[in-house]
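Reviewing the structure listed below.
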Amino acid sequence: MTYDPASANPLADNPLQTRDDMARALRDLFNPLRPYFSEGNARVRLDGAAAHFDRAAADLEGFARPLWGLAPLGAGGGAFEDWHRYAEGIANGTDPSHPEYWGTVNGRDQRMVELAALGFALALVPEKIWKPLDARARGNVIDYLKHARQFDYADNNWKFFRIFVDIALDRVGAEFDRRLTRQYLEELEGFYIGDGWYRDGNVRRIDHYIPFAMHFYGLIYSTLVDDDYAKRYRERAVLFARDFRHWFGADGATIPFGRSLTYRFACAGFWSALAFANLEALPWGEIKSLCLQHLRWWKDKPMTNRDGVLSIGFGYPNLLMSENYNSAGSPYWAFKAFLPLALDADHPFWTAKETPPAEASAVIPQKHPGMVLMRDGGDVTALSSGQENLQMRFGTEKYAKFAYSSRYGFSVESDERNFAGAAFDSALAFSDDGLHYRVREACSEAKLAGDVLYSRWSPFADVDVETWLVPSAPWHIRVHRITTPRPLQTAEGGFAIARRDFELDRLVADDGSAHVIGEEDFSGIRDIGSTAKRVGLAQKAPPNTNMIVAKTLVPQLRGQIPTGETILMTAVLAAHDTGAVAGDWTTPPAAPDLAALRRLVETEGVRVSAIDAPGQMP
């Protein structure tokens with residue numbers, strides 16, 4: 001029988017409907033790690049690939065990250081046979097004389113990140129991992145944590161990591177300088193924008209780190225500590241829940257957007273943290289549905305290696321899309337989704353009947369992340385402008401495309417010298433030599449006017465582009481006004497859909513349009529009135545570039561624009577319906593009035609919050 005990679009997924013046959021199902025899922029995901037614990041149980045090494053930090057820190061990551069799920073399991077009375085591993089591993093990892101010592105923190109260090117999980121577990125289940133330690137081991141643990149916390153933590157969600165260490169030190173009765181705790185709590189306040197939204201530091205990006213880091217840690221804090229910060233975190237989470245629920249499709253999929261997507265179902269961590277904090281930000285049935293439905297979305301994904309260990313990747317193993325800080329243990333931040341296991345079986349999260357989130361508008365503008373969300377057929381598309389990440393690998397694809405989809409994800413590029421063969425899904429690319437290319441990387445301006453997004457950007461220093469993104473469900477429209485001192489080649493892509501073997505898909509390319517039809521999906525792109533001619537191309541994208549499926553097709557429009565001003569008008573459609581070719585595809589939206597779009601932005605446009613990171617020039 002042919003091996004099916006999805007069969008190695010530990011969630012494959014789990015209905016994921018009850019507390020027992022979730023506990024089983026956690027144990028089934030943990031069990032493949034057992035053979036990779038070191039002899040002294042302080043390290044977990046899963047493969048030979050590297051992150052930018054040292055191997056000892058990577059081994060600590062593999063050891064510590066499962067605690068985000070195991071500690072709630074223990075707190076809720078769930079069975080787990082390996083607590084002895086963690087008690088022994090913590091003792092050995094913090095012992096400078098032991099060969100499995102984690103290494104000394106001497107500056108900003110990945111160990112700081114992983115010690116937050118240890119702090120969380122010490123606070124939540126001290127009877128499992130603290131009580132079994134002798135006096136010498138306890139002293140080593142306290143010394144290790146106190147030493148690490150004296151160094152400067154990164155100016156983003158990392159500040160919560162020291163706070164979690166401090167909570168643990170407090171719980172085990174250690175003496176330490178509590179002024180540092182207060183300082184970081186105050187500095188975290190500087191990242192709050194309003195309406196429940198944060199930034200993850202002094203950056204132009206607002207991504208899944210807001211729910212699965214800023215709110216996640218804040219809600220845990222609000223459960224462990226009772227102070228004014230805790231009250232603020234809870235109030236903000238209620239506001240945020242009303243917006244974030246719109247990022248999820250009816251099938252549980254969320255919009256893949258931004259960095260660290262290898263943490264996978266950590267994207268449900270916000271809903272899990274609401275339950276952990278006993279905060280009914282939405283009706284319990286909706287919170288439960290958003291959490292469990294998202295977990296269920298992962299059941300048929302080949303997201304693990306053959307032995308059931310979570311791989312680096314998103315929908316499948318894929319090192320190409322990873323960040324430099326992803327080690328083999330990184331994906332286990334996914335265990336953040338298991339916080340509800342700390343709750344008793346009679347908690348309303350568990351007793352409530354799952355109910356889908358309340359019906360929402362078809363178009364939902366969100367000015368803080370710079371998005372206009374479109375709901376169609378249960379799937380969600382986010383039109384996007386104003387975000388950037390120029391520091392990390394594929395940051396442009398992860399933040400600066402025109403659209404992101406819960407069903408079609410997005411693609412990273414595999415070769416910056418492949419203008420002819422690149423995916424360019426939801427992007428407009430320019431080339432002056434037919435080999436290299438530039439796309440939107442950052443915006444000098446980004447505004448939201450009603451449900452229209454506007455951005456100004458420069459692919460080259462001497463080329464100016466203005467882009468308007470207009471929802472027209474199930475389509476969306478893109479208008480580009482380009483000013484260039486020289487002719488340029490252009491390529492613009494629609495959404496990427498799954499490609500089958502044996503050339504079974506239908507690929508159609510004509511003057512001014514292209515569409516592709518796969519086994520279940522349709523994707524098309526049309527020119528609706530540009531001043532330069534473009535021809536269609538049904539692109540077979542390079543493999544392993546899309547987040548969700550390994551092989552894709554992308555309809556594109558390509559052409560050359562002259563010196564001076566060019567207007568490109570584009571309509572894009574994708575649907576989980578192959579019959580769309582005889583339906584919506586035949587009735588594209590009309591080209592909008594450019595002068596009217598300009599007036600709209602001038603009179604009603606408000607700046608996208610993401611573009612105004614503190615300390616950065618707008």
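Labels for the structure tokens follow display order: chains A, B, ..., residues from 1 in each chain, ligands from 1.
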Write out as a PDB file with C-alpha atoms, in the first residue's frame which residues come within 12 Å of Asp170 in chain A when counting only C-alpha atoms, dropping same-chain ones fewer than 5 positions away.
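Writing done, so here's part_4.pdb:
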```pdb
ATOM      1  CA  GLY A 119       8.346  29.451  34.395  1.00  0.00           C
ATOM      2  CA  PHE A 120       4.773  28.773  33.330  1.00  0.00           C
ATOM      3  CA  LEU A 122       6.697  25.913  37.678  1.00  0.00           C
ATOM      4  CA  ALA A 123       3.818  28.280  38.445  1.00  0.00           C
ATOM      5  CA  PRO A 126       5.071  22.802  40.930  1.00  0.00           C
ATOM      6  CA  ILE A 142      16.634  29.499  41.040  1.00  0.00           C
ATOM      7  CA  LEU A 145      16.483  31.764  36.293  1.00  0.00           C
ATOM      8  CA  LYS A 146      17.789  34.728  38.281  1.00  0.00           C
ATOM      9  CA  ILE A 163       7.626  38.229  33.604  1.00  0.00           C
ATOM     10  CA  PHE A 164       6.778  34.510  33.501  1.00  0.00           C
ATOM     11  CA  VAL A 165      10.152  33.686  35.026  1.00  0.00           C
ATOM     12  CA  GLU A 175      14.066  36.584  46.417  1.00  0.00           C
ATOM     13  CA  PHE A 176      14.621  38.792  43.365  1.00  0.00           C
ATOM     14  CA  ASP A 177      14.436  42.394  42.176  1.00  0.00           C
ATOM     15  CA  ARG A 178      10.744  42.922  41.480  1.00  0.00           C
ATOM     16  CA  THR A 181       8.996  42.999  36.541  1.00  0.00           C
ATOM     17  CA  LEU A 224      -1.992  33.971  37.788  1.00  0.00           C
ATOM     18  CA  VAL A 225      -1.790  37.578  39.012  1.00  0.00           C
TER      19      VAL A 225
END
```
**Request:** Write out as a VMD selection string which residues come within 7 Å of Asp376 in chain A when counting only C-alpha atoms, dropping same-chain ones fewer than 3 positions away.
**Result:** chain A and resid 379 to 380 473 to 474
Save out the residues we just selected, N, CA, C and O atoms, as a CSV table (one decimal), in the first residue's frame.
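Output contents, as saved in selection-v9.csv:
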```
chain,number,residue,atom,x,y,z
A,379,ASP,N,-15.0,30.7,3.2
A,379,ASP,CA,-13.5,31.0,3.2
A,379,ASP,C,-13.3,32.5,3.5
A,379,ASP,O,-14.2,33.3,3.2
A,380,VAL,N,-12.1,32.9,3.9
A,380,VAL,CA,-11.8,34.3,4.2
A,380,VAL,C,-10.6,34.7,3.4
A,380,VAL,O,-9.6,34.0,3.3
A,473,ALA,N,-16.9,41.1,-3.7
A,473,ALA,CA,-17.0,39.7,-3.5
A,473,ALA,C,-18.0,39.1,-4.5
A,473,ALA,O,-19.0,39.6,-4.8
A,474,PRO,N,-17.6,37.9,-5.0
A,474,PRO,CA,-16.5,37.0,-4.7
A,474,PRO,C,-15.1,37.4,-5.3
A,474,PRO,O,-14.1,36.8,-5.1
```
**Request:** Name the closest residue to Gly76 in chain A among the candidates A:Asp28, A:Asp344, A:Asp143, A:Asp577; distances are taken between atoms, counting only C-alpha atoms.
**Result:** A:Asp344
**Distance criterion (only C-alpha atoms): nearest to Gly395 in chain A out of A:Gly249, A:Ser411, A:Thr381, A:Arg259** =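 So, comparing all the options, the nearest one is A:Arg259.
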For Ser444 in chain A, work out the shell of residues within 12 Å, counting only C-alpha atoms and skipping chain neighbours fewer than 6 positions away, then give it as a CSV table (one decimal) with all heavy atoms, in the first residue's frame.
```csv
chain,number,residue,atom,x,y,z
A,204,ARG,N,6.6,47.6,11.9
A,204,ARG,CA,5.4,47.8,11.1
A,204,ARG,C,4.8,46.4,10.7
A,204,ARG,O,4.6,46.0,9.6
A,204,ARG,CB,5.8,48.5,9.8
A,204,ARG,CG,6.1,50.0,10.0
A,204,ARG,CD,6.5,50.6,8.6
A,204,ARG,NE,6.5,52.0,8.7
A,204,ARG,CZ,6.8,52.8,7.7
A,204,ARG,NH1,7.2,52.3,6.5
A,204,ARG,NH2,6.8,54.1,7.9
A,385,SER,N,-2.6,46.0,3.1
A,385,SER,CA,-1.7,47.0,2.8
A,385,SER,C,-1.1,47.7,4.0
A,385,SER,O,-1.9,47.9,5.0
A,385,SER,CB,-2.3,48.1,1.9
A,385,SER,OG,-2.6,47.7,0.6
A,386,GLY,N,0.2,48.0,4.0
A,386,GLY,CA,0.8,48.8,5.1
A,386,GLY,C,1.7,48.0,6.0
A,386,GLY,O,2.4,48.6,6.8
A,387,GLN,N,1.8,46.7,5.9
A,387,GLN,CA,2.7,45.9,6.7
A,387,GLN,C,4.0,45.6,6.0
A,387,GLN,O,4.0,45.6,4.8
A,387,GLN,CB,2.0,44.6,7.2
A,387,GLN,CG,0.8,44.9,8.0
A,387,GLN,CD,0.5,43.8,9.1
A,387,GLN,OE1,1.5,43.3,9.7
A,387,GLN,NE2,-0.7,43.4,9.3
A,388,GLU,N,5.0,45.4,6.8
A,388,GLU,CA,6.3,45.0,6.2
A,388,GLU,C,7.1,44.2,7.2
A,388,GLU,O,6.9,44.3,8.4
A,388,GLU,CB,7.1,46.2,5.8
A,388,GLU,CG,7.6,47.1,7.0
A,388,GLU,CD,8.3,48.3,6.5
A,388,GLU,OE1,7.8,49.1,5.8
A,388,GLU,OE2,9.4,48.5,7.0
A,454,TYR,N,-5.6,51.7,0.2
A,454,TYR,CA,-4.7,52.4,-0.7
A,454,TYR,C,-3.2,52.3,-0.1
A,454,TYR,O,-3.0,52.3,1.1
A,454,TYR,CB,-5.0,53.9,-0.7
A,454,TYR,CG,-4.0,54.8,-1.3
A,454,TYR,CD1,-3.9,54.9,-2.7
A,454,TYR,CD2,-3.1,55.5,-0.5
A,454,TYR,CE1,-2.9,55.7,-3.3
A,454,TYR,CE2,-2.1,56.3,-1.1
A,454,TYR,CZ,-2.0,56.4,-2.5
A,454,TYR,OH,-1.1,57.2,-3.0
A,455,SER,N,-2.3,52.1,-1.1
A,455,SER,CA,-0.9,52.1,-0.7
A,455,SER,C,0.0,52.8,-1.8
A,455,SER,O,-0.4,52.8,-2.9
A,455,SER,CB,-0.4,50.7,-0.4
A,455,SER,OG,-0.4,49.9,-1.6
A,456,ARG,N,1.1,53.3,-1.3
A,456,ARG,CA,2.1,53.9,-2.2
A,456,ARG,C,3.4,53.2,-2.0
A,456,ARG,O,3.8,53.0,-0.8
A,456,ARG,CB,2.2,55.4,-2.0
A,456,ARG,CG,3.1,56.1,-3.1
A,456,ARG,CD,2.9,57.6,-3.1
A,456,ARG,NE,3.5,58.2,-4.2
A,456,ARG,CZ,3.2,59.4,-4.7
A,456,ARG,NH1,2.3,60.1,-4.0
A,456,ARG,NH2,3.8,59.9,-5.8
A,457,TRP,N,4.1,52.8,-3.0
A,457,TRP,CA,5.3,52.0,-2.8
A,457,TRP,C,6.2,52.1,-4.1
A,457,TRP,O,5.8,52.6,-5.1
A,457,TRP,CB,4.9,50.5,-2.6
A,457,TRP,CG,4.0,49.9,-3.6
A,457,TRP,CD1,2.6,50.1,-3.7
A,457,TRP,CD2,4.3,48.9,-4.6
A,457,TRP,NE1,2.1,49.3,-4.7
A,457,TRP,CE2,3.1,48.5,-5.2
A,457,TRP,CE3,5.5,48.2,-4.9
A,457,TRP,CZ2,3.1,47.6,-6.3
A,457,TRP,CZ3,5.5,47.3,-5.9
A,457,TRP,CH2,4.3,47.0,-6.6
A,458,SER,N,7.4,51.7,-3.9
A,458,SER,CA,8.4,51.8,-5.0
A,458,SER,C,9.2,50.5,-5.1
A,458,SER,O,10.0,50.2,-4.3
A,458,SER,CB,9.4,53.0,-4.7
A,458,SER,OG,8.7,54.2,-4.7
A,459,PRO,N,9.0,49.8,-6.2
A,459,PRO,CA,9.7,48.6,-6.4
A,459,PRO,C,11.2,48.9,-6.8
A,459,PRO,O,12.1,48.1,-6.4
A,459,PRO,CB,9.0,47.9,-7.6
A,459,PRO,CG,8.3,49.0,-8.3
A,459,PRO,CD,8.0,50.0,-7.3
A,464,ASP,N,7.5,54.7,-9.1
A,464,ASP,CA,6.5,55.0,-8.1
A,464,ASP,C,5.2,54.2,-8.5
A,464,ASP,O,4.7,54.2,-9.6
A,464,ASP,CB,6.2,56.5,-8.1
A,464,ASP,CG,5.2,56.8,-7.0
A,464,ASP,OD1,5.6,56.8,-5.8
A,464,ASP,OD2,4.0,57.1,-7.3
A,465,VAL,N,4.6,53.6,-7.5
A,465,VAL,CA,3.3,52.8,-7.7
A,465,VAL,C,2.3,53.2,-6.6
A,465,VAL,O,2.6,53.3,-5.4
A,465,VAL,CB,3.6,51.3,-7.6
A,465,VAL,CG1,2.3,50.5,-7.9
A,465,VAL,CG2,4.7,50.8,-8.6
A,466,GLU,N,1.1,53.5,-7.1
A,466,GLU,CA,0.0,53.6,-6.2
A,466,GLU,C,-1.0,52.5,-6.4
A,466,GLU,O,-1.3,52.2,-7.6
A,466,GLU,CB,-0.8,54.9,-6.4
A,466,GLU,CG,0.0,56.2,-6.0
A,466,GLU,CD,-0.8,57.4,-6.4
A,466,GLU,OE1,-0.8,57.8,-7.6
A,466,GLU,OE2,-1.4,58.0,-5.4
A,467,THR,N,-1.5,51.8,-5.4
A,467,THR,CA,-2.3,50.7,-5.5
A,467,THR,C,-3.6,50.9,-4.7
A,467,THR,O,-3.5,51.3,-3.5
A,467,THR,CB,-1.6,49.4,-5.1
A,467,THR,OG1,-0.5,49.1,-6.0
A,467,THR,CG2,-2.6,48.2,-5.1
A,607,ARG,N,-5.1,56.6,8.2
A,607,ARG,CA,-3.8,55.8,8.1
A,607,ARG,C,-3.9,54.5,8.7
A,607,ARG,O,-4.5,54.3,9.8
A,607,ARG,CB,-2.7,56.6,8.7
A,607,ARG,CG,-2.2,57.7,7.9
A,607,ARG,CD,-1.0,58.5,8.5
A,607,ARG,NE,0.2,57.7,8.7
A,607,ARG,CZ,1.1,57.6,7.7
A,607,ARG,NH1,0.9,58.2,6.5
A,607,ARG,NH2,2.2,56.9,7.9
A,608,VAL,N,-3.4,53.5,8.1
A,608,VAL,CA,-3.3,52.1,8.6
A,608,VAL,C,-2.4,52.1,9.8
A,608,VAL,O,-1.3,52.7,9.8
A,608,VAL,CB,-2.8,51.1,7.6
A,608,VAL,CG1,-2.4,49.8,8.2
A,608,VAL,CG2,-3.9,50.9,6.5
A,610,ALA,N,-0.7,49.9,11.3
A,610,ALA,CA,0.6,49.1,11.2
A,610,ALA,C,1.7,49.9,10.7
A,610,ALA,O,2.9,49.7,11.0
A,610,ALA,CB,0.4,47.9,10.4
A,611,ILE,N,1.4,50.9,9.8
A,611,ILE,CA,2.5,51.7,9.2
A,611,ILE,C,3.1,52.7,10.1
A,611,ILE,O,4.2,53.2,9.9
A,611,ILE,CB,2.0,52.3,7.9
A,611,ILE,CG1,3.2,52.6,6.9
A,611,ILE,CG2,1.2,53.6,8.2
A,611,ILE,CD1,2.7,53.0,5.6
A,612,ASP,N,2.4,53.0,11.2
A,612,ASP,CA,2.9,54.0,12.1
A,612,ASP,C,3.5,53.4,13.4
A,612,ASP,O,3.2,53.8,14.5
A,612,ASP,CB,1.7,54.9,12.5
A,612,ASP,CG,1.3,55.9,11.4
A,612,ASP,OD1,2.2,56.2,10.6
A,612,ASP,OD2,0.1,56.3,11.4
A,616,GLN,N,9.3,55.2,14.1
A,616,GLN,CA,9.6,55.0,12.7
A,616,GLN,C,9.0,56.2,11.9
A,616,GLN,O,7.9,56.7,12.3
A,616,GLN,CB,9.1,53.7,12.2
A,616,GLN,CG,9.8,52.5,12.7
A,616,GLN,CD,9.5,51.2,11.9
A,616,GLN,OE1,8.6,51.2,11.0
A,616,GLN,NE2,10.1,50.1,12.2
A,617,MET,N,9.7,56.6,10.9
A,617,MET,CA,9.1,57.6,10.0
A,617,MET,C,7.9,57.1,9.3
A,617,MET,O,8.0,56.0,8.7
A,617,MET,CB,10.2,58.1,9.1
A,617,MET,CG,11.3,58.9,9.8
A,617,MET,SD,10.8,60.4,10.5
A,617,MET,CE,10.4,61.4,9.1
A,618,PRO,N,6.8,57.8,9.2
A,618,PRO,CA,5.7,57.3,8.4
A,618,PRO,C,6.0,57.4,6.9
A,618,PRO,O,7.0,57.9,6.5
A,618,PRO,CB,4.6,58.3,8.7
A,618,PRO,CG,5.2,59.5,9.3
A,618,PRO,CD,6.5,59.1,9.8
```
**Message:** What does the structure give for the distance between CA of Ala595 in chain A and CA of Val452 in chain A, in Å to one decimal?
**Reply:**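 If I compute the distance from CA of Ala595 in chain A to CA of Val452 in chain A, I get 13.7 Å.
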**Item:** Contacts of Val581 in chain A within 12 Å, only C-alpha atoms, excl. fewer than 2 positions in-chain, as a PyMOL selection string
**Value:** chain A and resi 506-508+514-518+521-525+573-579+583-588
**Prompt:** To one decimal place, how far is CA of Thr545 in chain A from CA of Leu295 in chain A in Å?
**Reply:**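 Taking CA of Thr545 in chain A as the start and CA of Leu295 in chain A as the end point, the length is 23.4 Å.
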Report as a Markdown table the residues of range 18-125 of chain A within 12 Å of range 210-222 of chain A, each with its shortest atom pair and distance in Å (one decimal), using only C-alpha atoms, ordered by chain and increasing residue number.
```
| residue | atom | partner | partner_atom | distance |
| --- | --- | --- | --- | --- |
| A:Trp68 | CA | A:Tyr217 | CA | 11.0 |
| A:Pro72 | CA | A:Ile220 | CA | 11.1 |
| A:Val113 | CA | A:Ala213 | CA | 11.7 |
| A:Ala116 | CA | A:Tyr217 | CA | 9.9 |
| A:Ala117 | CA | A:Tyr217 | CA | 10.7 |
| A:Gly119 | CA | A:Tyr221 | CA | 11.7 |
| A:Phe120 | CA | A:Ile220 | CA | 8.8 |
| A:Ala121 | CA | A:Ile220 | CA | 11.7 |
| A:Ala123 | CA | A:Tyr221 | CA | 10.8 |
| A:Leu124 | CA | A:Ile220 | CA | 10.4 |
```
**Message:** Taking only range 301-358 of chain A into account, list the residues labelled alpha helix (DSSP H) by DSSP (computed from the backbone), as number ranges by chain.
**Reply:** A: 348-351
Keeping C-alpha atoms, export the residues of the selection given above as a compact mmCIF listing (two decimals), in the first residue's frame.
```txt
# COMPACT_ATOMS: atom_id res chain seq x y z
CA PRO A 348 -18.68 26.05 30.38
CA PHE A 349 -15.99 25.86 27.71
CA TRP A 350 -16.39 22.08 27.82
CA THR A 351 -20.11 21.87 28.55
```
**Prompt:** Please, what distance in Å, to one decimal, runs between CA of Gln150 in chain A and CA of Ser327 in chain A?
**Reply:** 25.2 Å
